[in-house]
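The structure under discussion appears below in the form of structure tokens.
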Amino acid sequence: MSFLDLFDSGFKQRNQDHFAAIVRVAMSDDVITEDERAFLQRLATRLDISEEAYHTILKEYKTHPINPPTSYDQRLERLYDLARMVYADNVLGEKQTGMLERLGIGLGFSTGNISYVVDKALKLVRAGVDKDNFVEEIKNMNR
């Protein structure tokens, strides 16, 4: 196995573990709604998760370790990606906002201010800010 194969394998495994953690959050109420399923399918595509791995993870999501990012910047970058995906179809409903709040908690954001963080995140995404500006704006709201 080449060095590149090892890198690709580790990258795919981290993506699958991240996806499984999001499935775990989606399954926190024991149901995946149609909105959540559509979101998961978009995320799986973005994370380059095969159809086979997608179905396996949906069934066995608890077997994957939860590895939320350790750095605040990485959590903000994931929140940016999630907010962009939730708002990708330009339709934002209560269910999507609630799902993003649950995912934000899963990423390690405080339950006490998650509604505020998600609201700010969605406003920034709607305004079309890039990832770097998003991270800075979210950081600045806590100062």
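Going by the structure tokens order, chains are called A, B, ..., each with residues numbered from 1, while ligands are numbered from 1 in the order shown.
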* range 99-109 of chain A surroundings by only C-alpha atoms, 10 Å radius, close-in-sequence under 4 positions cut, as a PyMOL selection string -> chain A and resi 18+21-26+28+35-36+39+66-70+72+74-76+78-79+82-83+85-86+93-95+113-119+121-122
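When CA of Asp81 in chain A is paired with CA of Thr63 in chain A, their separation reads 24.2 Å.
Going from CA of Val129 in chain A over to CA of Thr97 in chain A, you cover 18.8 Å.
Across the structure, CA of Phe19 in chain A and CA of Leu43 in chain A are spaced 7.6 Å apart.
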Env of Leu58 in chain A: 10 Å cut, atoms = only C-alpha atoms, seq-sep filter 4 positions within chain, self excluded. Answer as a list of chain:residue names.
A:Phe19, A:Ala20, A:Val23, A:Arg24, A:Met27, A:Ile32, A:Leu40, A:Ala53, A:Tyr54, A:Lys62
Okay, now the selection with C-alpha atoms, as a PDB file, in the first residue's frame?
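Output file part-v9.pdb follows:
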```pdb
ATOM      1  CA  PHE A  19     -20.976  11.470   9.043  1.00  0.00           C
ATOM      2  CA  ALA A  20     -21.828   8.816  11.649  1.00  0.00           C
ATOM      3  CA  VAL A  23     -26.404  10.522  11.979  1.00  0.00           C
ATOM      4  CA  ARG A  24     -26.169   9.941  15.730  1.00  0.00           C
ATOM      5  CA  MET A  27     -31.194   9.810  15.497  1.00  0.00           C
ATOM      6  CA  ILE A  32     -34.841  10.374  10.696  1.00  0.00           C
ATOM      7  CA  LEU A  40     -27.811  13.361   5.174  1.00  0.00           C
ATOM      8  CA  ALA A  53     -21.083   3.042   3.179  1.00  0.00           C
ATOM      9  CA  TYR A  54     -24.055   5.426   3.536  1.00  0.00           C
ATOM     10  CA  LYS A  62     -23.210   3.791  16.973  1.00  0.00           C
TER      11      LYS A  62
END
```
Min atom-atom distance to Lys12 in chain A from the set A:Gly112, A:Pro65, A:Leu47, A:Arg126, counting only C-alpha atoms, belongs to A:Leu47
Per DSSP on the backbone, what are the alpha helix (DSSP H) residues of chain A, as JSON, numbers by chain?
{"A": [3, 4, 5, 6, 7, 8, 9, 10, 11, 12, 13, 14, 15, 16, 17, 18, 19, 20, 21, 22, 23, 24, 25, 26, 34, 35, 36, 37, 38, 39, 40, 41, 42, 43, 44, 45, 46, 51, 52, 53, 54, 55, 56, 57, 58, 59, 60, 72, 73, 74, 75, 76, 77, 78, 79, 80, 81, 82, 83, 84, 85, 86, 94, 95, 96, 97, 98, 99, 100, 101, 102, 103, 104, 105, 106, 107, 114, 115, 116, 117, 118, 119, 120, 121, 122, 123, 124, 125, 126, 131, 132, 133, 134, 135, 136, 137, 138, 139, 140, 141]}
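Minimum atom-to-atom distance to Ile57 in chain A, evaluated using only C-alpha atoms, belongs to A:Gln41 out of A:Asn133, A:Thr111, A:Thr33, A:Gln41.
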Counting only C-alpha atoms, closest pick from A:Arg37, A:Arg46, A:Arg84, A:Lys59 relative to Lys123 in chain A is A:Arg84
